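*Asks:* File name model39.pdb; file contents PDB, C-alpha atoms; full text below.
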```
ATOM      1  CA  MET Q   1      21.330 100.743  32.464
ATOM      2  CA  LEU Q   2      21.387 101.919  36.086
ATOM      3  CA  ASP Q   3      24.197 104.450  36.614
ATOM      4  CA  PRO Q   4      24.418 104.945  40.393
ATOM      5  CA  ALA Q   5      27.409 107.324  40.210
ATOM      6  CA  GLY Q   6      25.576 109.485  37.679
ATOM      7  CA  GLU Q   7      22.432 109.518  39.832
ATOM      8  CA  ALA Q   8      24.408 110.482  42.960
ATOM      9  CA  THR Q   9      26.058 113.319  41.025
ATOM     10  CA  ARG Q  10      22.699 114.510  39.696
ATOM     11  CA  ALA Q  11      21.373 114.627  43.275
ATOM     12  CA  ALA Q  12      24.454 116.672  44.289
ATOM     13  CA  ALA Q  13      23.742 119.120  41.459
ATOM     14  CA  GLU Q  14      20.332 119.746  43.044
ATOM     15  CA  ARG Q  15      21.957 120.342  46.437
ATOM     16  CA  LEU Q  16      24.278 122.840  44.797
ATOM     17  CA  GLY Q  17      21.153 124.650  43.715
ATOM     18  CA  VAL Q  18      21.478 124.064  39.984
ATOM     19  CA  GLU Q  19      17.972 123.438  38.729
ATOM     20  CA  GLY Q  20      16.777 121.459  35.769
ATOM     21  CA  VAL Q  21      19.348 118.674  35.558
ATOM     22  CA  GLN Q  22      17.080 115.913  34.275
ATOM     23  CA  ARG Q  23      19.618 113.294  33.440
ATOM     24  CA  LEU Q  24      23.317 112.849  34.197
ATOM     25  CA  ARG Q  25      25.329 109.848  33.137
ATOM     26  CA  ILE Q  26      28.994 109.209  33.892
ATOM     27  CA  GLY Q  27      31.158 107.366  31.420
ATOM     28  CA  LYS Q  28      34.766 107.619  30.445
ATOM     29  CA  ALA Q  29      36.780 109.202  27.695
ATOM     30  CA  ILE Q  30      40.002 107.559  26.563
ATOM     31  CA  GLU Q  31      42.519 109.519  24.513
ATOM     32  CA  LEU Q  32      45.160 107.700  22.564
ATOM     33  CA  GLU Q  33      47.643 108.424  19.822
ATOM     34  CA  LEU Q  34      47.919 105.912  17.036
ATOM     35  CA  GLU Q  35      50.216 105.614  14.053
ATOM     36  CA  ALA Q  36      48.595 104.148  10.970
ATOM     37  CA  SER Q  37      49.162 104.382   7.237
ATOM     38  CA  ASP Q  38      45.673 105.714   6.534
ATOM     39  CA  LEU Q  39      42.362 106.547   8.134
ATOM     40  CA  SER Q  40      40.578 103.290   7.389
ATOM     41  CA  GLU Q  41      43.456 101.297   8.871
ATOM     42  CA  ALA Q  42      43.308 103.509  11.976
ATOM     43  CA  GLN Q  43      39.542 103.082  12.165
ATOM     44  CA  ALA Q  44      39.788  99.297  11.974
ATOM     45  CA  ARG Q  45      42.374  99.095  14.736
ATOM     46  CA  LEU Q  46      40.496 101.500  16.985
ATOM     47  CA  GLU Q  47      37.242  99.590  16.547
ATOM     48  CA  LEU Q  48      38.963  96.369  17.553
ATOM     49  CA  LEU Q  49      40.483  98.097  20.580
ATOM     50  CA  ALA Q  50      37.209  99.680  21.638
ATOM     51  CA  ASP Q  51      35.181  96.520  21.240
ATOM     52  CA  ARG Q  52      37.638  94.044  22.769
ATOM     53  CA  LEU Q  53      39.493  96.018  25.408
ATOM     54  CA  LEU Q  54      38.516  99.617  26.091
ATOM     55  CA  ALA Q  55      34.789  98.965  26.487
ATOM     56  CA  ASN Q  56      32.743  95.991  27.605
ATOM     57  CA  PRO Q  57      29.833  95.816  25.151
ATOM     58  CA  VAL Q  58      27.732  93.947  27.743
ATOM     59  CA  ILE Q  59      27.461  97.093  29.864
ATOM     60  CA  GLU Q  60      28.941  99.940  27.836
ATOM     61  CA  ASN Q  61      28.277 101.715  24.547
ATOM     62  CA  TRP Q  62      31.128 103.419  22.768
ATOM     63  CA  SER Q  63      31.777 105.803  19.943
ATOM     64  CA  LEU Q  64      34.943 106.907  18.198
ATOM     65  CA  GLU Q  65      36.119 110.382  17.367
ATOM     66  CA  ILE Q  66      39.193 110.495  15.162
ATOM     67  CA  LYS Q  67      41.297 113.618  14.705
ATOM     68  CA  GLU Q  68      43.932 113.397  12.022
ATOM     69  CA  GLY Q  69      47.236 114.963  13.004
ATOM     70  CA  ALA Q  70      50.239 115.950  10.906
ATOM     71  CA  THR Q  71      52.176 112.911  12.010
ATOM     72  CA  GLY Q  72      49.289 110.536  12.474
ATOM     73  CA  ALA Q  73      45.756 110.169  13.776
ATOM     74  CA  VAL Q  74      44.733 111.187  17.248
ATOM     75  CA  ALA Q  75      41.578 109.472  18.473
TER      76      ALA Q  75
ATOM     77  CA  MET U   1      46.289  66.286  42.431
ATOM     78  CA  THR U   2      46.846  69.967  43.019
ATOM     79  CA  VAL U   3      44.624  73.052  43.042
ATOM     80  CA  GLY U   4      46.125  75.969  41.139
ATOM     81  CA  ILE U   5      45.596  79.432  42.622
ATOM     82  CA  VAL U   6      46.173  82.180  40.061
ATOM     83  CA  VAL U   7      48.063  85.187  41.435
ATOM     84  CA  PHE U   8      47.749  88.525  39.628
ATOM     85  CA  PRO U   9      49.445  91.727  40.710
ATOM     86  CA  GLY U  10      46.789  93.074  43.075
ATOM     87  CA  SER U  11      45.232  89.746  44.083
ATOM     88  CA  ASN U  12      44.660  89.738  47.846
ATOM     89  CA  CYS U  13      42.695  86.571  48.582
ATOM     90  CA  ASP U  14      45.258  84.169  47.126
ATOM     91  CA  ARG U  15      46.789  83.396  50.515
ATOM     92  CA  ASP U  16      43.370  83.123  52.145
ATOM     93  CA  LEU U  17      42.559  80.498  49.532
ATOM     94  CA  ARG U  18      45.739  78.569  50.278
ATOM     95  CA  TRP U  19      44.904  78.717  53.986
ATOM     96  CA  ALA U  20      41.378  77.424  53.343
ATOM     97  CA  LEU U  21      42.322  74.729  50.820
ATOM     98  CA  GLU U  22      45.445  73.444  52.571
ATOM     99  CA  GLY U  23      44.947  74.413  56.186
ATOM    100  CA  CYS U  24      41.247  73.668  56.520
ATOM    101  CA  LEU U  25      40.663  71.038  53.853
ATOM    102  CA  GLY U  26      44.046  69.384  53.384
ATOM    103  CA  LEU U  27      44.135  69.932  49.610
ATOM    104  CA  PRO U  28      47.543  70.640  48.031
ATOM    105  CA  THR U  29      47.827  73.947  46.183
ATOM    106  CA  ARG U  30      50.233  75.706  43.861
ATOM    107  CA  PHE U  31      50.376  79.415  43.121
ATOM    108  CA  LEU U  32      50.175  80.188  39.392
ATOM    109  CA  TRP U  33      51.818  83.539  38.634
ATOM    110  CA  HIS U  34      49.956  85.573  36.016
ATOM    111  CA  GLY U  35      52.910  85.471  33.624
ATOM    112  CA  ASP U  36      53.315  81.678  33.797
ATOM    113  CA  GLN U  37      51.779  79.318  31.270
ATOM    114  CA  ASP U  38      52.187  75.915  32.884
ATOM    115  CA  LEU U  39      49.195  74.033  34.284
ATOM    116  CA  THR U  40      50.971  70.666  34.469
ATOM    117  CA  GLY U  41      49.599  68.603  37.348
ATOM    118  CA  ILE U  42      46.785  71.045  38.068
ATOM    119  CA  GLU U  43      43.361  69.434  38.578
ATOM    120  CA  ALA U  44      41.362  72.581  39.324
ATOM    121  CA  VAL U  45      42.001  76.323  38.999
ATOM    122  CA  VAL U  46      40.807  79.084  41.304
ATOM    123  CA  LEU U  47      40.895  82.801  40.440
ATOM    124  CA  PRO U  48      41.043  84.706  43.735
ATOM    125  CA  GLY U  49      39.512  87.926  44.956
ATOM    126  CA  GLY U  50      41.351  91.214  45.002
ATOM    127  CA  PHE U  51      42.074  93.978  42.542
ATOM    128  CA  SER U  52      43.925  92.398  39.631
ATOM    129  CA  TYR U  53      46.100  94.974  37.849
ATOM    130  CA  GLY U  54      44.580  97.606  40.117
ATOM    131  CA  ASP U  55      41.163  97.048  38.515
ATOM    132  CA  TYR U  56      42.333  99.579  35.927
ATOM    133  CA  LEU U  57      39.967 100.196  33.003
ATOM    134  CA  ARG U  58      37.329  97.783  34.414
ATOM    135  CA  CYS U  59      37.498  94.973  36.952
ATOM    136  CA  GLY U  60      39.080  92.007  35.210
ATOM    137  CA  ALA U  61      39.603  93.791  31.890
ATOM    138  CA  ILE U  62      43.413  93.712  31.971
ATOM    139  CA  ALA U  63      43.656  90.358  33.722
ATOM    140  CA  ARG U  64      41.819  88.757  30.841
ATOM    141  CA  PHE U  65      44.970  89.092  28.727
ATOM    142  CA  ALA U  66      47.324  87.506  31.291
ATOM    143  CA  PRO U  67      49.381  84.643  29.803
ATOM    144  CA  ILE U  68      48.216  82.158  32.470
ATOM    145  CA  LEU U  69      44.587  82.813  31.542
ATOM    146  CA  GLN U  70      45.128  81.687  27.974
ATOM    147  CA  GLU U  71      46.020  78.289  29.485
ATOM    148  CA  VAL U  72      43.117  78.493  31.942
ATOM    149  CA  ARG U  73      40.766  79.146  29.022
ATOM    150  CA  ARG U  74      41.980  75.979  27.266
ATOM    151  CA  PHE U  75      41.716  74.084  30.572
ATOM    152  CA  ALA U  76      38.104  75.262  31.031
ATOM    153  CA  GLU U  77      37.176  74.459  27.451
ATOM    154  CA  ARG U  78      38.431  70.904  28.003
ATOM    155  CA  GLY U  79      36.074  70.641  30.991
ATOM    156  CA  GLY U  80      38.578  71.384  33.767
ATOM    157  CA  PRO U  81      37.002  72.821  36.923
ATOM    158  CA  VAL U  82      37.520  76.586  37.232
ATOM    159  CA  LEU U  83      36.291  78.738  40.115
ATOM    160  CA  GLY U  84      36.318  82.540  40.161
ATOM    161  CA  ILE U  85      35.671  84.276  43.471
ATOM    162  CA  CYS U  86      34.799  87.993  43.575
ATOM    163  CA  ASN U  87      37.457  89.584  41.344
ATOM    164  CA  GLY U  88      37.852  86.087  39.873
ATOM    165  CA  PHE U  89      34.162  86.151  38.878
ATOM    166  CA  GLN U  90      34.700  89.548  37.254
ATOM    167  CA  VAL U  91      37.662  88.123  35.325
ATOM    168  CA  LEU U  92      35.603  85.131  34.113
ATOM    169  CA  THR U  93      32.912  87.422  32.694
ATOM    170  CA  GLU U  94      35.524  89.607  30.971
ATOM    171  CA  MET U  95      37.023  86.444  29.465
ATOM    172  CA  GLY U  96      33.597  85.439  28.194
ATOM    173  CA  LEU U  97      33.719  82.120  30.067
ATOM    174  CA  LEU U  98      30.629  83.328  31.931
ATOM    175  CA  PRO U  99      27.933  85.673  30.582
ATOM    176  CA  GLY U 100      27.090  89.144  31.890
ATOM    177  CA  ALA U 101      29.175  91.730  33.709
ATOM    178  CA  LEU U 102      29.683  93.058  37.235
ATOM    179  CA  THR U 103      29.289  96.765  37.908
ATOM    180  CA  ARG U 104      29.257  99.292  40.751
ATOM    181  CA  ASN U 105      26.972  98.342  43.624
ATOM    182  CA  ARG U 106      23.568  99.999  43.444
ATOM    183  CA  ASP U 107      24.213 102.161  46.510
ATOM    184  CA  LEU U 108      27.869 102.822  45.617
ATOM    185  CA  HIS U 109      29.154 101.437  48.934
ATOM    186  CA  PHE U 110      31.826  98.815  49.302
ATOM    187  CA  LEU U 111      29.924  96.026  51.077
ATOM    188  CA  CYS U 112      31.752  93.832  53.588
ATOM    189  CA  GLN U 113      29.244  91.730  55.504
ATOM    190  CA  PRO U 114      27.765  88.259  55.943
ATOM    191  CA  SER U 115      25.307  87.391  53.204
ATOM    192  CA  LYS U 116      22.498  84.843  53.285
ATOM    193  CA  LEU U 117      22.277  82.876  50.054
ATOM    194  CA  LEU U 118      19.900  80.416  48.439
ATOM    195  CA  VAL U 119      21.194  77.486  46.444
ATOM    196  CA  GLY U 120      19.306  77.739  43.149
ATOM    197  CA  SER U 121      20.920  74.852  41.334
ATOM    198  CA  THR U 122      23.569  72.225  41.877
ATOM    199  CA  ALA U 123      24.166  71.586  38.159
ATOM    200  CA  CYS U 124      27.801  72.506  38.637
ATOM    201  CA  HIS U 125      31.037  70.721  39.533
ATOM    202  CA  TRP U 126      31.557  73.036  42.504
ATOM    203  CA  MET U 127      28.056  72.754  43.984
ATOM    204  CA  ARG U 128      27.803  68.987  44.358
ATOM    205  CA  GLY U 129      27.951  69.186  48.140
ATOM    206  CA  TYR U 130      24.835  71.354  48.421
ATOM    207  CA  THR U 131      21.121  70.778  47.897
ATOM    208  CA  VAL U 132      18.735  72.915  45.857
ATOM    209  CA  GLY U 133      16.790  75.287  48.100
ATOM    210  CA  GLU U 134      19.397  75.155  50.869
ATOM    211  CA  ARG U 135      20.162  78.433  52.688
ATOM    212  CA  ILE U 136      23.791  79.145  53.411
ATOM    213  CA  GLU U 137      25.785  82.115  54.648
ATOM    214  CA  LEU U 138      29.007  83.397  53.115
ATOM    215  CA  PRO U 139      30.735  86.767  53.502
ATOM    216  CA  ILE U 140      30.708  89.291  50.680
ATOM    217  CA  ALA U 141      33.332  92.025  50.241
ATOM    218  CA  HIS U 142      32.977  94.006  47.047
ATOM    219  CA  GLY U 143      32.343  97.426  45.532
ATOM    220  CA  GLU U 144      31.474  96.141  42.078
ATOM    221  CA  GLY U 145      29.254  93.128  42.471
ATOM    222  CA  ARG U 146      26.063  94.205  40.749
ATOM    223  CA  PHE U 147      25.523  91.501  38.169
ATOM    224  CA  GLN U 148      24.148  92.784  34.873
ATOM    225  CA  LEU U 149      22.590  90.773  32.081
ATOM    226  CA  GLU U 150      19.699  91.253  29.694
ATOM    227  CA  ASP U 151      16.390  89.863  30.996
ATOM    228  CA  ASP U 152      15.801  87.274  28.295
ATOM    229  CA  GLU U 153      19.344  85.970  28.688
ATOM    230  CA  LEU U 154      18.867  85.732  32.454
ATOM    231  CA  ASP U 155      15.622  83.764  31.941
ATOM    232  CA  ARG U 156      17.488  81.380  29.708
ATOM    233  CA  LEU U 157      20.231  80.852  32.305
ATOM    234  CA  GLU U 158      17.698  80.282  35.069
ATOM    235  CA  GLN U 159      15.842  77.695  33.020
ATOM    236  CA  ALA U 160      19.141  75.980  32.249
ATOM    237  CA  GLY U 161      19.987  75.779  35.965
ATOM    238  CA  GLN U 162      23.024  78.033  35.624
ATOM    239  CA  VAL U 163      22.050  80.446  38.423
ATOM    240  CA  VAL U 164      23.512  78.455  41.297
ATOM    241  CA  LEU U 165      23.465  81.065  44.083
ATOM    242  CA  ARG U 166      21.025  83.898  44.814
ATOM    243  CA  TYR U 167      21.059  86.531  47.519
ATOM    244  CA  ALA U 168      18.246  86.053  50.040
ATOM    245  CA  ALA U 169      18.331  89.853  50.526
ATOM    246  CA  ASN U 170      19.855  91.499  47.462
ATOM    247  CA  PRO U 171      22.658  93.767  48.757
ATOM    248  CA  ASN U 172      23.980  95.260  45.515
ATOM    249  CA  GLY U 173      21.217  95.442  42.896
ATOM    250  CA  SER U 174      22.214  92.366  40.907
ATOM    251  CA  VAL U 175      19.581  91.339  38.364
ATOM    252  CA  GLY U 176      17.678  88.238  39.461
ATOM    253  CA  ASP U 177      19.495  88.389  42.845
ATOM    254  CA  VAL U 178      22.362  86.544  41.139
ATOM    255  CA  ALA U 179      25.287  85.842  43.463
ATOM    256  CA  GLY U 180      26.844  82.926  41.577
ATOM    257  CA  LEU U 181      26.640  81.574  38.062
ATOM    258  CA  THR U 182      27.921  78.513  36.234
ATOM    259  CA  ASN U 183      28.502  77.898  32.522
ATOM    260  CA  ALA U 184      26.458  75.556  30.338
ATOM    261  CA  ALA U 185      28.888  72.682  30.916
ATOM    262  CA  GLY U 186      28.840  73.213  34.691
ATOM    263  CA  ASN U 187      32.624  73.195  35.168
ATOM    264  CA  VAL U 188      33.126  76.964  35.530
ATOM    265  CA  LEU U 189      31.656  78.803  38.527
ATOM    266  CA  GLY U 190      31.844  82.500  39.331
ATOM    267  CA  LEU U 191      30.511  83.948  42.563
ATOM    268  CA  MET U 192      30.834  87.212  44.454
ATOM    269  CA  PRO U 193      30.704  85.741  47.996
ATOM    270  CA  HIS U 194      33.905  84.357  49.532
ATOM    271  CA  PRO U 195      33.731  80.635  50.388
ATOM    272  CA  GLU U 196      37.393  80.714  51.499
ATOM    273  CA  ARG U 197      36.380  83.003  54.358
ATOM    274  CA  ALA U 198      33.846  80.455  55.600
ATOM    275  CA  CYS U 199      35.911  77.318  56.121
ATOM    276  CA  ASP U 200      36.477  77.433  59.872
ATOM    277  CA  ALA U 201      33.705  77.562  62.489
ATOM    278  CA  VAL U 202      35.742  79.886  64.695
ATOM    279  CA  ILE U 203      36.040  82.629  62.086
ATOM    280  CA  GLY U 204      32.940  82.959  59.996
ATOM    281  CA  GLY U 205      31.277  79.580  59.642
ATOM    282  CA  ILE U 206      31.850  76.537  57.483
ATOM    283  CA  ASP U 207      29.356  76.949  54.639
ATOM    284  CA  GLY U 208      32.183  77.467  52.149
ATOM    285  CA  ARG U 209      33.951  74.199  52.899
ATOM    286  CA  ARG U 210      31.855  71.971  50.626
ATOM    287  CA  LEU U 211      32.349  74.322  47.695
ATOM    288  CA  LEU U 212      36.139  74.372  47.932
ATOM    289  CA  ALA U 213      36.305  70.673  48.807
ATOM    290  CA  ALA U 214      34.727  69.971  45.392
ATOM    291  CA  ALA U 215      37.934  71.218  43.748
ATOM    292  CA  LEU U 216      39.452  67.750  43.874
ATOM    293  CA  GLY U 217      37.348  64.635  43.545
TER     294      GLY U 217
END
```
Using structure tokens, write down the structure that the file contains.
*Replies:*
Amino acid sequence: MLDPAGEATRAAAERLGVEGVQRLRIGKAIELELEASDLSEAQARLELLADRLLANPVIENWSLEIKEGATGAVA
Amino acid sequence: MTVGIVVFPGSNCDRDLRWALEGCLGLPTRFLWHGDQDLTGIEAVVLPGGFSYGDYLRCGAIARFAPILQEVRRFAERGGPVLGICNGFQVLTEMGLLPGALTRNRDLHFLCQPSKLLVGSTACHWMRGYTVGERIELPIAHGEGRFQLEDDELDRLEQAGQVVLRYAANPNGSVGDVAGLTNAAGNVLGLMPHPERACDAVIGGIDGRRLLAAALG
């Protein structure tokens, strides 16, 4: 998938004089706090969110990183 | 016999559309606020250009969940004519009423210029006034108009006559030069160019008139 913003940023890295940047892609990171009774419930809800709202699977890949907190899960 | 014009927070071509449909073509219109759910008396629905919900997350991603669009989805699935222009096209792809997605222009610039187009197919409610192979000119005005779709899916759409408009000189990197696309049933059309800005010879030509005139009748 063509990533014109990533390519423009890679070219700017060269102009800055930083050598060796072969590939630079720009995506997004979304942090959210979720209350759920357990991890699998949290996982299911986050997968639904990621697939149906947060990302568009036609043009974007996504992955989840879940951090369990004392009062809930932070993804 | 009324054309519904959906108005999201951040739409900015809704009034242009009313001017074109009513002022230039004499077709009655009604604004449909994004929170409404009533399509009574509406014969065709147009989703306007602009920046619905600030284009937050992705163009069209939030708009997809607007209450009015749940009704528009049912309307489209019953065969009702639905047109999405620019941001409206982006919304239709997010809704899944049209395939693919629209992303940042290849050269990252917001493009606001006349655009020469080729009519690739007229197998669509909205394209009945045109002929296949015809060259027309409509303005484009978008930062995220690069149509993306997998190659085999694009081939399938082309063979099915769903690619109705192509850029004569691709301005944004869209695959297959796609400027406008219809669904399998031919009642839903999404396009990046702005037909409502080409309905009066004095300001930008009249090549958009036939497209909007197809709304009713």
*Asks:* Could you tell me which residues the PyMOL selection byres ((chain U) within 10 of (chain Q)) grabs in this file, written as a PDB file with C-alpha atoms, in the frame of the given file?
*Replies:*
```
ATOM      1  CA  LEU U  57      39.967 100.196  33.003  1.00  0.00           C
ATOM      2  CA  ARG U  58      37.329  97.783  34.414  1.00  0.00           C
ATOM      3  CA  ALA U  61      39.603  93.791  31.890  1.00  0.00           C
ATOM      4  CA  ILE U  62      43.413  93.712  31.971  1.00  0.00           C
ATOM      5  CA  ARG U  64      41.819  88.757  30.841  1.00  0.00           C
ATOM      6  CA  PHE U  65      44.970  89.092  28.727  1.00  0.00           C
ATOM      7  CA  THR U  93      32.912  87.422  32.694  1.00  0.00           C
ATOM      8  CA  GLU U  94      35.524  89.607  30.971  1.00  0.00           C
ATOM      9  CA  PRO U  99      27.933  85.673  30.582  1.00  0.00           C
ATOM     10  CA  GLY U 100      27.090  89.144  31.890  1.00  0.00           C
ATOM     11  CA  ALA U 101      29.175  91.730  33.709  1.00  0.00           C
ATOM     12  CA  LEU U 102      29.683  93.058  37.235  1.00  0.00           C
ATOM     13  CA  THR U 103      29.289  96.765  37.908  1.00  0.00           C
ATOM     14  CA  ARG U 104      29.257  99.292  40.751  1.00  0.00           C
ATOM     15  CA  ASN U 105      26.972  98.342  43.624  1.00  0.00           C
ATOM     16  CA  ARG U 106      23.568  99.999  43.444  1.00  0.00           C
ATOM     17  CA  ASP U 107      24.213 102.161  46.510  1.00  0.00           C
ATOM     18  CA  LEU U 108      27.869 102.822  45.617  1.00  0.00           C
ATOM     19  CA  GLN U 148      24.148  92.784  34.873  1.00  0.00           C
ATOM     20  CA  LEU U 149      22.590  90.773  32.081  1.00  0.00           C
ATOM     21  CA  GLU U 150      19.699  91.253  29.694  1.00  0.00           C
ATOM     22  CA  GLY U 173      21.217  95.442  42.896  1.00  0.00           C
TER      23      GLY U 173
END
```
*Asks:* Have a look at CA of Thr2 (chain U) and CA of Arg18 (chain U) and let me know their distance in Å, one decimal.
*Replies:*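 Calculated distance between CA of Thr2 (chain U) and CA of Arg18 (chain U) is 11.3 Å.
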*Asks:* For the file shown, what are the residues hit by the PyMOL selection byres ((chain Q and resi 34-51) around 10), laid out as an mmCIF file with C-alpha atoms, in the frame of the given file?
*Replies:*
```
data_model
loop_
_atom_site.group_PDB
_atom_site.id
_atom_site.type_symbol
_atom_site.label_atom_id
_atom_site.label_comp_id
_atom_site.auth_asym_id
_atom_site.auth_seq_id
_atom_site.Cartn_x
_atom_site.Cartn_y
_atom_site.Cartn_z
ATOM 1 C CA ILE Q 30 40.002 107.559 26.563
ATOM 2 C CA GLU Q 31 42.519 109.519 24.513
ATOM 3 C CA LEU Q 32 45.160 107.700 22.564
ATOM 4 C CA GLU Q 33 47.643 108.424 19.822
ATOM 5 C CA ARG Q 52 37.638 94.044 22.769
ATOM 6 C CA LEU Q 53 39.493 96.018 25.408
ATOM 7 C CA LEU Q 54 38.516 99.617 26.091
ATOM 8 C CA ALA Q 55 34.789 98.965 26.487
ATOM 9 C CA ASN Q 56 32.743 95.991 27.605
ATOM 10 C CA PRO Q 57 29.833 95.816 25.151
ATOM 11 C CA GLU Q 60 28.941 99.940 27.836
ATOM 12 C CA ASN Q 61 28.277 101.715 24.547
ATOM 13 C CA TRP Q 62 31.128 103.419 22.768
ATOM 14 C CA SER Q 63 31.777 105.803 19.943
ATOM 15 C CA LEU Q 64 34.943 106.907 18.198
ATOM 16 C CA GLU Q 65 36.119 110.382 17.367
ATOM 17 C CA ILE Q 66 39.193 110.495 15.162
ATOM 18 C CA LYS Q 67 41.297 113.618 14.705
ATOM 19 C CA GLU Q 68 43.932 113.397 12.022
ATOM 20 C CA GLY Q 69 47.236 114.963 13.004
ATOM 21 C CA THR Q 71 52.176 112.911 12.010
ATOM 22 C CA GLY Q 72 49.289 110.536 12.474
ATOM 23 C CA ALA Q 73 45.756 110.169 13.776
ATOM 24 C CA VAL Q 74 44.733 111.187 17.248
ATOM 25 C CA ALA Q 75 41.578 109.472 18.473
#
```
*Asks:* How far is it from CA of Asn187 (chain U) to CA of Pro81 (chain U), in Å with one decimal?
*Replies:*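 Between CA of Asn187 (chain U) and CA of Pro81 (chain U) the gap is 4.7 Å.
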*Asks:* Tell me which protein, DNA and RNA residues are within 8 Å of Leu17 (chain U), counting all atoms listed in the file, leaving out same-chain ones fewer than 2 positions away, and put them as a list in words.
*Replies:* Ile5, Cys13, Asp14, Arg15, Trp19, Ala20, Leu21, Pro48 and Glu196 of chain U
*Asks:* Can I get the selected residues back with C-alpha atoms, as a PDB file, in the coordinates of the input?
*Replies:*
```
ATOM      1  CA  ILE U   5      45.596  79.432  42.622  1.00  0.00           C
ATOM      2  CA  CYS U  13      42.695  86.571  48.582  1.00  0.00           C
ATOM      3  CA  ASP U  14      45.258  84.169  47.126  1.00  0.00           C
ATOM      4  CA  ARG U  15      46.789  83.396  50.515  1.00  0.00           C
ATOM      5  CA  TRP U  19      44.904  78.717  53.986  1.00  0.00           C
ATOM      6  CA  ALA U  20      41.378  77.424  53.343  1.00  0.00           C
ATOM      7  CA  LEU U  21      42.322  74.729  50.820  1.00  0.00           C
ATOM      8  CA  PRO U  48      41.043  84.706  43.735  1.00  0.00           C
ATOM      9  CA  GLU U 196      37.393  80.714  51.499  1.00  0.00           C
TER      10      GLU U 196
END
```
*Asks:* Compile the contact shell of region 126-132 of chain U as a list in words: residues with an atom at most 9 Å away, counting only C-alpha atoms, same-chain residues fewer than 6 positions apart removed.
*Replies:* Pro81, Val82, Leu83, Leu118, Val119, Gly120, Val164, Gly186, Asn187, Val188, Leu189, Arg210, Leu211, Leu212, Ala213, Ala214 and Ala215 of chain U
*Asks:* Select, from U:Gly145, U:Gly208, U:Gly79, U:Gly49, the residue with the minimum atom-to-atom distance to Asn183 (chain U), counting only C-alpha atoms.
*Replies:*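 Nearest candidate to Asn183 (chain U) out of U:Gly145, U:Gly208, U:Gly79, U:Gly49: U:Gly79.
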*Asks:* Could you work out how far CA of Ile85 (chain U) lies from CA of Leu157 (chain U), giving the answer in Å with one decimal?
*Replies:*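 CA of Leu157 (chain U) sits 19.4 Å away from CA of Ile85 (chain U).
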*Asks:* Tell me which of U:Cys112, U:Met95, U:Met192, U:Ala201 sits closest to Tyr167 (chain U), counting only C-alpha atoms.
*Replies:*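 Closest to Tyr167 (chain U), using only C-alpha atoms: U:Met192.
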*Asks:* Around all the atoms of region 102-107 of chain U listed in the file, with 8 Å of room on each side, what axis-aligned box do you get, giving centre and edge lengths in Å to one decimal, as lines of an AutoDock Vina configuration file?
*Replies:*
```
center_x = 26.6
center_y = 97.6
center_z = 41.9
size_x = 22.1
size_y = 25.1
size_z = 25.3
```
*Asks:* Which residue out of U:Gly35, U:Gly190, U:Pro139, U:Gly204 has the minimum interatomic distance to Val163 (chain U) when all atoms listed in the file are used?
*Replies:*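 The shortest atom-to-atom distance to Val163 (chain U) comes from U:Gly190.
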*Asks:* Expanded to explicit residues, what is the PyMOL selection byres ((chain U and resi 44) around 7) for this file, as a list of chain:residue names?
*Replies:*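 Output from the PyMOL selection byres ((chain U and resi 44) around 7), applied to this file: U:Val3, U:Gly4, U:Ile42, U:Glu43, U:Val45, U:Val46, U:Gly80, U:Pro81, U:Val82, U:Ala215, U:Leu216.
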*Asks:* Here is a test: counting all atoms listed in the file, which residue of U:Leu92, U:Ser52, U:Glu158, U:Val6 is nearest to Arg30 (chain U)?
*Replies:*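 Nearest candidate to Arg30 (chain U) out of U:Leu92, U:Ser52, U:Glu158, U:Val6: U:Val6.
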*Asks:* Neighbouring residues of Gly161 (chain U) were defined as those with any atom within 9 Å, considering all atoms listed in the file; residues of the same chain fewer than 4 positions away were excluded. Please report them as an mmCIF file with C-alpha atoms, keeping the file's coordinate frame.
*Replies:*
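As a result, around-v3.cif now contains:
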```cif
data_model
loop_
_atom_site.group_PDB
_atom_site.id
_atom_site.type_symbol
_atom_site.label_atom_id
_atom_site.label_comp_id
_atom_site.auth_asym_id
_atom_site.auth_seq_id
_atom_site.Cartn_x
_atom_site.Cartn_y
_atom_site.Cartn_z
ATOM 1 C CA GLY U 120 19.306 77.739 43.149
ATOM 2 C CA SER U 121 20.920 74.852 41.334
ATOM 3 C CA THR U 122 23.569 72.225 41.877
ATOM 4 C CA ALA U 123 24.166 71.586 38.159
ATOM 5 C CA CYS U 124 27.801 72.506 38.637
ATOM 6 C CA ARG U 156 17.488 81.380 29.708
ATOM 7 C CA LEU U 157 20.231 80.852 32.305
ATOM 8 C CA THR U 182 27.921 78.513 36.234
ATOM 9 C CA ALA U 184 26.458 75.556 30.338
#
```
*Asks:* Using only C-alpha atoms, can you tell me which of U:Ala168, U:Cys59, U:Asp207, U:Thr29 comes closest to Ile136 (chain U)?
*Replies:*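 The shortest atom-to-atom distance to Ile136 (chain U) comes from U:Asp207.
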